[in-house]
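Structure file structure38.pdb (PDB, C-alpha atoms) follows.
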```
ATOM      1  CA  MET A   1       0.000   0.000   0.000  1.00  0.00           C
ATOM      2  CA  PRO A   2       1.441   3.417  -0.900  1.00  0.00           C
ATOM      3  CA  GLU A   3       2.337   5.801   1.876  1.00  0.00           C
ATOM      4  CA  ARG A   4      -0.517   8.079   2.885  1.00  0.00           C
ATOM      5  CA  SER A   5      -0.053  11.851   2.871  1.00  0.00           C
ATOM      6  CA  PRO A   6      -1.733  14.436   5.099  1.00  0.00           C
ATOM      7  CA  GLU A   7      -3.816  15.445   2.086  1.00  0.00           C
ATOM      8  CA  THR A   8      -4.950  11.844   1.605  1.00  0.00           C
ATOM      9  CA  HIS A   9      -5.972  11.706   5.256  1.00  0.00           C
ATOM     10  CA  VAL A  10      -8.120  14.815   4.803  1.00  0.00           C
ATOM     11  CA  ILE A  11      -9.755  13.227   1.758  1.00  0.00           C
ATOM     12  CA  ASP A  12     -10.367  10.017   3.724  1.00  0.00           C
ATOM     13  CA  PHE A  13     -11.854  12.002   6.624  1.00  0.00           C
ATOM     14  CA  ARG A  14     -14.252  13.830   4.278  1.00  0.00           C
ATOM     15  CA  ALA A  15     -15.165  10.566   2.535  1.00  0.00           C
ATOM     16  CA  ALA A  16     -15.826   8.981   5.946  1.00  0.00           C
ATOM     17  CA  GLU A  17     -18.209  11.844   6.755  1.00  0.00           C
ATOM     18  CA  GLN A  18     -20.068  11.098   3.522  1.00  0.00           C
ATOM     19  CA  LEU A  19     -20.187   7.370   4.246  1.00  0.00           C
ATOM     20  CA  LEU A  20     -21.575   8.034   7.697  1.00  0.00           C
ATOM     21  CA  ALA A  21     -24.228  10.327   6.223  1.00  0.00           C
ATOM     22  CA  ALA A  22     -25.073   7.534   3.763  1.00  0.00           C
ATOM     23  CA  ARG A  23     -25.449   5.104   6.685  1.00  0.00           C
ATOM     24  CA  ASP A  24     -22.287   3.094   5.986  1.00  0.00           C
ATOM     25  CA  PRO A  25     -20.570   3.247   9.378  1.00  0.00           C
ATOM     26  CA  ARG A  26     -18.302   0.282   8.722  1.00  0.00           C
ATOM     27  CA  GLY A  27     -16.978   1.925   5.573  1.00  0.00           C
ATOM     28  CA  ALA A  28     -16.373   5.111   7.552  1.00  0.00           C
ATOM     29  CA  ILE A  29     -14.472   3.175  10.210  1.00  0.00           C
ATOM     30  CA  ARG A  30     -12.250   1.564   7.561  1.00  0.00           C
ATOM     31  CA  LEU A  31     -11.334   4.997   6.208  1.00  0.00           C
ATOM     32  CA  LEU A  32     -10.802   6.553   9.634  1.00  0.00           C
ATOM     33  CA  ASP A  33      -8.590   3.849  11.143  1.00  0.00           C
ATOM     34  CA  PRO A  34      -5.454   4.840   9.163  1.00  0.00           C
ATOM     35  CA  VAL A  35      -6.211   8.539   9.694  1.00  0.00           C
ATOM     36  CA  ILE A  36      -6.252   8.038  13.461  1.00  0.00           C
ATOM     37  CA  THR A  37      -3.196   5.791  13.353  1.00  0.00           C
ATOM     38  CA  ALA A  38      -1.305   8.599  11.590  1.00  0.00           C
ATOM     39  CA  HIS A  39      -2.869  11.389  13.681  1.00  0.00           C
ATOM     40  CA  PRO A  40      -3.923   9.965  17.073  1.00  0.00           C
ATOM     41  CA  GLU A  41      -4.329  13.482  18.460  1.00  0.00           C
ATOM     42  CA  ASN A  42      -7.027  14.357  15.901  1.00  0.00           C
ATOM     43  CA  THR A  43     -10.131  14.737  18.042  1.00  0.00           C
ATOM     44  CA  ALA A  44     -12.457  15.385  15.081  1.00  0.00           C
ATOM     45  CA  ALA A  45     -11.477  12.077  13.477  1.00  0.00           C
ATOM     46  CA  ARG A  46     -11.937  10.266  16.792  1.00  0.00           C
ATOM     47  CA  LEU A  47     -15.362  11.824  17.281  1.00  0.00           C
ATOM     48  CA  LEU A  48     -16.394  10.800  13.779  1.00  0.00           C
ATOM     49  CA  ARG A  49     -15.116   7.261  14.356  1.00  0.00           C
ATOM     50  CA  ALA A  50     -16.975   7.103  17.683  1.00  0.00           C
ATOM     51  CA  ARG A  51     -20.195   8.049  15.879  1.00  0.00           C
ATOM     52  CA  ALA A  52     -19.493   5.375  13.268  1.00  0.00           C
ATOM     53  CA  PHE A  53     -18.920   2.765  15.985  1.00  0.00           C
ATOM     54  CA  PHE A  54     -22.226   3.781  17.581  1.00  0.00           C
ATOM     55  CA  LEU A  55     -24.118   3.455  14.297  1.00  0.00           C
ATOM     56  CA  ALA A  56     -22.438   0.080  13.674  1.00  0.00           C
ATOM     57  CA  ALA A  57     -23.631  -1.046  17.150  1.00  0.00           C
ATOM     58  CA  GLN A  58     -20.024  -1.441  18.304  1.00  0.00           C
ATOM     59  CA  LEU A  59     -20.913   0.132  21.636  1.00  0.00           C
ATOM     60  CA  ARG A  60     -17.751  -0.685  23.577  1.00  0.00           C
ATOM     61  CA  SER A  61     -15.576   0.823  20.838  1.00  0.00           C
ATOM     62  CA  ALA A  62     -17.861   3.878  20.673  1.00  0.00           C
ATOM     63  CA  GLU A  63     -17.635   4.309  24.433  1.00  0.00           C
ATOM     64  CA  LEU A  64     -13.844   4.125  24.337  1.00  0.00           C
ATOM     65  CA  GLU A  65     -13.569   6.685  21.513  1.00  0.00           C
ATOM     66  CA  PHE A  66     -16.029   9.112  23.131  1.00  0.00           C
ATOM     67  CA  GLY A  67     -14.012   8.703  26.350  1.00  0.00           C
ATOM     68  CA  ILE A  68     -10.784   9.665  24.567  1.00  0.00           C
ATOM     69  CA  VAL A  69     -12.491  12.733  23.111  1.00  0.00           C
ATOM     70  CA  LEU A  70     -13.739  13.723  26.580  1.00  0.00           C
ATOM     71  CA  GLU A  71     -10.290  13.250  28.129  1.00  0.00           C
ATOM     72  CA  ARG A  72      -9.020  15.835  25.653  1.00  0.00           C
ATOM     73  CA  GLU A  73     -12.108  18.044  25.595  1.00  0.00           C
ATOM     74  CA  PRO A  74     -14.011  17.633  28.891  1.00  0.00           C
ATOM     75  CA  ALA A  75     -16.358  20.498  27.968  1.00  0.00           C
ATOM     76  CA  ASN A  76     -17.471  18.898  24.679  1.00  0.00           C
ATOM     77  CA  ALA A  77     -21.233  18.781  25.230  1.00  0.00           C
ATOM     78  CA  TYR A  78     -21.897  16.752  22.085  1.00  0.00           C
ATOM     79  CA  ALA A  79     -19.389  14.070  23.146  1.00  0.00           C
ATOM     80  CA  HIS A  80     -21.081  13.820  26.561  1.00  0.00           C
ATOM     81  CA  PHE A  81     -24.481  13.526  24.872  1.00  0.00           C
ATOM     82  CA  ALA A  82     -23.273  10.894  22.392  1.00  0.00           C
ATOM     83  CA  LEU A  83     -21.539   8.925  25.137  1.00  0.00           C
ATOM     84  CA  ALA A  84     -24.778   9.048  27.126  1.00  0.00           C
ATOM     85  CA  ARG A  85     -26.717   7.674  24.141  1.00  0.00           C
ATOM     86  CA  THR A  86     -24.109   4.919  23.857  1.00  0.00           C
ATOM     87  CA  LEU A  87     -24.412   4.037  27.542  1.00  0.00           C
ATOM     88  CA  GLU A  88     -28.204   4.183  27.318  1.00  0.00           C
ATOM     89  CA  ARG A  89     -28.139   1.770  24.383  1.00  0.00           C
ATOM     90  CA  ALA A  90     -25.830  -0.508  26.402  1.00  0.00           C
ATOM     91  CA  ALA A  91     -28.467  -0.627  29.190  1.00  0.00           C
ATOM     92  CA  ARG A  92     -26.451   1.530  31.607  1.00  0.00           C
ATOM     93  CA  PRO A  93     -29.036   4.247  32.380  1.00  0.00           C
ATOM     94  CA  ASP A  94     -27.449   5.678  35.533  1.00  0.00           C
ATOM     95  CA  GLU A  95     -24.126   6.325  33.789  1.00  0.00           C
ATOM     96  CA  ALA A  96     -26.001   7.678  30.776  1.00  0.00           C
ATOM     97  CA  LEU A  97     -27.988  10.151  32.874  1.00  0.00           C
ATOM     98  CA  ARG A  98     -24.779  11.590  34.336  1.00  0.00           C
ATOM     99  CA  HIS A  99     -23.460  12.376  30.840  1.00  0.00           C
ATOM    100  CA  PHE A 100     -26.850  13.655  29.620  1.00  0.00           C
ATOM    101  CA  ARG A 101     -26.784  16.100  32.537  1.00  0.00           C
ATOM    102  CA  LEU A 102     -23.222  17.177  31.834  1.00  0.00           C
ATOM    103  CA  ALA A 103     -24.160  17.781  28.185  1.00  0.00           C
ATOM    104  CA  ALA A 104     -27.171  19.886  29.192  1.00  0.00           C
ATOM    105  CA  ALA A 105     -25.143  21.871  31.716  1.00  0.00           C
ATOM    106  CA  LEU A 106     -22.503  22.626  29.079  1.00  0.00           C
ATOM    107  CA  ASP A 107     -24.961  23.384  26.269  1.00  0.00           C
ATOM    108  CA  PRO A 108     -28.669  23.877  27.015  1.00  0.00           C
ATOM    109  CA  ARG A 109     -29.899  22.642  23.630  1.00  0.00           C
ATOM    110  CA  PRO A 110     -33.477  21.402  23.994  1.00  0.00           C
ATOM    111  CA  GLU A 111     -32.574  17.788  23.131  1.00  0.00           C
ATOM    112  CA  PHE A 112     -29.775  17.791  25.734  1.00  0.00           C
ATOM    113  CA  VAL A 113     -31.995  19.305  28.422  1.00  0.00           C
ATOM    114  CA  GLU A 114     -34.830  16.888  27.660  1.00  0.00           C
ATOM    115  CA  ALA A 115     -32.506  13.874  27.771  1.00  0.00           C
ATOM    116  CA  ALA A 116     -31.107  15.121  31.098  1.00  0.00           C
ATOM    117  CA  ARG A 117     -34.654  15.136  32.461  1.00  0.00           C
ATOM    118  CA  PHE A 118     -34.339  18.763  33.512  1.00  0.00           C
ATOM    119  CA  VAL A 119     -37.635  19.534  31.785  1.00  0.00           C
ATOM    120  CA  SER A 120     -40.754  18.539  33.633  1.00  0.00           C
ATOM    121  CA  GLY A 121     -43.242  17.278  31.116  1.00  0.00           C
ATOM    122  CA  GLU A 122     -46.890  16.417  31.504  1.00  0.00           C
ATOM    123  CA  GLY A 123     -47.562  13.161  33.266  1.00  0.00           C
ATOM    124  CA  GLY A 124     -44.658  13.032  35.712  1.00  0.00           C
ATOM    125  CA  GLY A 125     -41.620  14.281  33.826  1.00  0.00           C
ATOM    126  CA  GLY A 126     -40.405  10.945  32.453  1.00  0.00           C
ATOM    127  CA  ARG A 127     -38.720  10.643  29.102  1.00  0.00           C
ATOM    128  CA  GLY A 128     -40.904  10.188  26.108  1.00  0.00           C
ATOM    129  CA  PRO A 129     -40.077   8.162  23.029  1.00  0.00           C
ATOM    130  CA  GLY A 130     -37.056   9.213  21.052  1.00  0.00           C
TER
END
```

Could you render the structure as structure tokens?
Amino acid sequence: MPERSPETHVIDFRAAEQLLAARDPRGAIRLLDPVITAHPENTAARLLRARAFFLAAQLRSAELEFGIVLEREPANAYAHFALARTLERAARPDEALRHFRLAAALDPRPEFVEAARFVSGEGGGGRGPG
């Protein structure tokens, strides 16, 4: 395999974004693995790969990648929210709620606040479908 250049890694990153948008998370992961090997400090690539792992139902890998992102960027509200969704999907609701609340505290987007259960809804304030 020919040596990859920084420009090639950018192209692979952009192609991985497109694959993820087209619902091909495994294809995105294949493109992102060499990018992250060459640039392990690249948080954007790690976040994209974490999303791809989540969509591919590789929850442990997604959790690990989101964790790396949060080690580097503890105030990344989206990473907290996505990690919470990962933990929720892995049937770990108490851990998920902690990260939903951190996401909402960092960025009060309606979906973050609702997931954190800070909004009292009709009928007892539980989470609705979604």

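In this comparison, which uses all atoms listed in the file, the residue of A:Tyr78, A:Glu7, A:Pro34, A:Arg51 approaching Glu65 (chain A) most closely is A:Arg51.
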
Q: Go through the shown structure with the PyMOL selection byres ((chain A and resi 53) around 12) and write out the matching residues as number ranges by chain.
A: A: 20, 23-30, 32-33, 46-52, 54-66, 82-83, 86

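Among A:Ala15, A:Ala79, A:Leu106, A:Ala116, the residue with the shortest atom-to-atom distance to Pro93 (chain A), counting all atoms listed in the file, is A:Ala116.
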
Please list as a PDB file with C-alpha atoms, in the frame of the given file every residue within 6 Å of Phe100 (chain A), counting only C-alpha atoms and excluding residues in the same chain fewer than 3 positions away.
```pdb
ATOM      1  CA  PHE A  81     -24.481  13.526  24.872  1.00  0.00           C
ATOM      2  CA  ALA A  84     -24.778   9.048  27.126  1.00  0.00           C
ATOM      3  CA  LEU A  97     -27.988  10.151  32.874  1.00  0.00           C
ATOM      4  CA  ALA A 103     -24.160  17.781  28.185  1.00  0.00           C
ATOM      5  CA  ALA A 115     -32.506  13.874  27.771  1.00  0.00           C
ATOM      6  CA  ALA A 116     -31.107  15.121  31.098  1.00  0.00           C
TER       7      ALA A 116
END
```

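What the PyMOL selection byres ((chain A and resi 113) around 12) matches in the given file is Ala77, Phe81, Leu97, His99, Phe100, Arg101, Leu102, Ala103, Ala104, Ala105, Leu106, Asp107, Pro108, Arg109, Pro110, Glu111, Phe112, Glu114, Ala115, Ala116, Arg117, Phe118, Val119, Ser120, Gly121 and Arg127 of chain A.
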
Q) From the list A:Gln18, A:Thr37, A:Ser5, A:Asn42, which residue is nearest Arg72 (chain A) when using all atoms listed in the file? A) A:Asn42

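Taking CA of Leu70 (chain A) and CA of Ala22 (chain A) as endpoints, the distance between them is 26.2 Å.
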
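Minimum distance to Glu17 (chain A) across A:Leu31, A:Pro74, A:Ile36, A:Ala91 (counting only C-alpha atoms) occurs at A:Leu31.
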
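You will find CA of Pro40 (chain A) at 17.9 Å from CA of Asn76 (chain A).
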
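CA of Asp94 (chain A) to CA of Thr43 (chain A) spans 26.2 Å [interatomic distance, one decimal].
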
Kindly add N, CA, C and O atoms to the incomplete region 23-37 of chain A and provide the output as an mmCIF file, in the frame of the given file.
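Final output, out-v1.cif:
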```
data_model
loop_
_atom_site.group_PDB
_atom_site.id
_atom_site.type_symbol
_atom_site.label_atom_id
_atom_site.label_comp_id
_atom_site.auth_asym_id
_atom_site.auth_seq_id
_atom_site.Cartn_x
_atom_site.Cartn_y
_atom_site.Cartn_z
ATOM 1 N N ARG A 23 -25.168 6.260 5.817
ATOM 2 C CA ARG A 23 -25.449 5.104 6.685
ATOM 3 C C ARG A 23 -24.558 3.900 6.390
ATOM 4 O O ARG A 23 -25.007 2.761 6.385
ATOM 5 N N ASP A 24 -23.276 4.164 6.153
ATOM 6 C CA ASP A 24 -22.287 3.094 5.986
ATOM 7 C C ASP A 24 -21.209 3.281 7.054
ATOM 8 O O ASP A 24 -20.081 3.696 6.754
ATOM 9 N N PRO A 25 -21.545 2.998 8.315
ATOM 10 C CA PRO A 25 -20.570 3.247 9.378
ATOM 11 C C PRO A 25 -19.326 2.371 9.283
ATOM 12 O O PRO A 25 -18.225 2.815 9.590
ATOM 13 N N ARG A 26 -19.480 1.153 8.826
ATOM 14 C CA ARG A 26 -18.302 0.282 8.722
ATOM 15 C C ARG A 26 -17.317 0.802 7.667
ATOM 16 O O ARG A 26 -16.101 0.748 7.857
ATOM 17 N N GLY A 27 -17.837 1.307 6.578
ATOM 18 C CA GLY A 27 -16.978 1.925 5.573
ATOM 19 C C GLY A 27 -16.266 3.140 6.129
ATOM 20 O O GLY A 27 -15.079 3.360 5.857
ATOM 21 N N ALA A 28 -16.981 3.931 6.928
ATOM 22 C CA ALA A 28 -16.373 5.111 7.552
ATOM 23 C C ALA A 28 -15.254 4.696 8.500
ATOM 24 O O ALA A 28 -14.182 5.305 8.505
ATOM 25 N N ILE A 29 -15.488 3.654 9.273
ATOM 26 C CA ILE A 29 -14.472 3.175 10.210
ATOM 27 C C ILE A 29 -13.216 2.741 9.452
ATOM 28 O O ILE A 29 -12.094 3.085 9.850
ATOM 29 N N ARG A 30 -13.404 2.016 8.360
ATOM 30 C CA ARG A 30 -12.250 1.564 7.561
ATOM 31 C C ARG A 30 -11.408 2.740 7.067
ATOM 32 O O ARG A 30 -10.185 2.671 7.038
ATOM 33 N N LEU A 31 -12.076 3.816 6.669
ATOM 34 C CA LEU A 31 -11.334 4.997 6.208
ATOM 35 C C LEU A 31 -10.668 5.747 7.359
ATOM 36 O O LEU A 31 -9.590 6.319 7.193
ATOM 37 N N LEU A 32 -11.310 5.767 8.514
ATOM 38 C CA LEU A 32 -10.802 6.553 9.634
ATOM 39 C C LEU A 32 -9.673 5.866 10.399
ATOM 40 O O LEU A 32 -8.828 6.546 10.990
ATOM 41 N N ASP A 33 -9.635 4.550 10.384
ATOM 42 C CA ASP A 33 -8.590 3.849 11.143
ATOM 43 C C ASP A 33 -7.184 4.320 10.776
ATOM 44 O O ASP A 33 -6.408 4.684 11.670
ATOM 45 N N PRO A 34 -6.812 4.368 9.481
ATOM 46 C CA PRO A 34 -5.454 4.840 9.163
ATOM 47 C C PRO A 34 -5.257 6.332 9.454
ATOM 48 O O PRO A 34 -4.146 6.764 9.770
ATOM 49 N N VAL A 35 -6.314 7.111 9.367
ATOM 50 C CA VAL A 35 -6.211 8.539 9.694
ATOM 51 C C VAL A 35 -5.840 8.689 11.165
ATOM 52 O O VAL A 35 -4.930 9.453 11.524
ATOM 53 N N ILE A 36 -6.509 7.937 12.021
ATOM 54 C CA ILE A 36 -6.252 8.038 13.461
ATOM 55 C C ILE A 36 -4.908 7.409 13.821
ATOM 56 O O ILE A 36 -4.213 7.895 14.717
ATOM 57 N N THR A 37 -4.526 6.373 13.122
ATOM 58 C CA THR A 37 -3.196 5.791 13.353
ATOM 59 C C THR A 37 -2.111 6.830 13.058
ATOM 60 O O THR A 37 -1.148 6.978 13.814
#
```
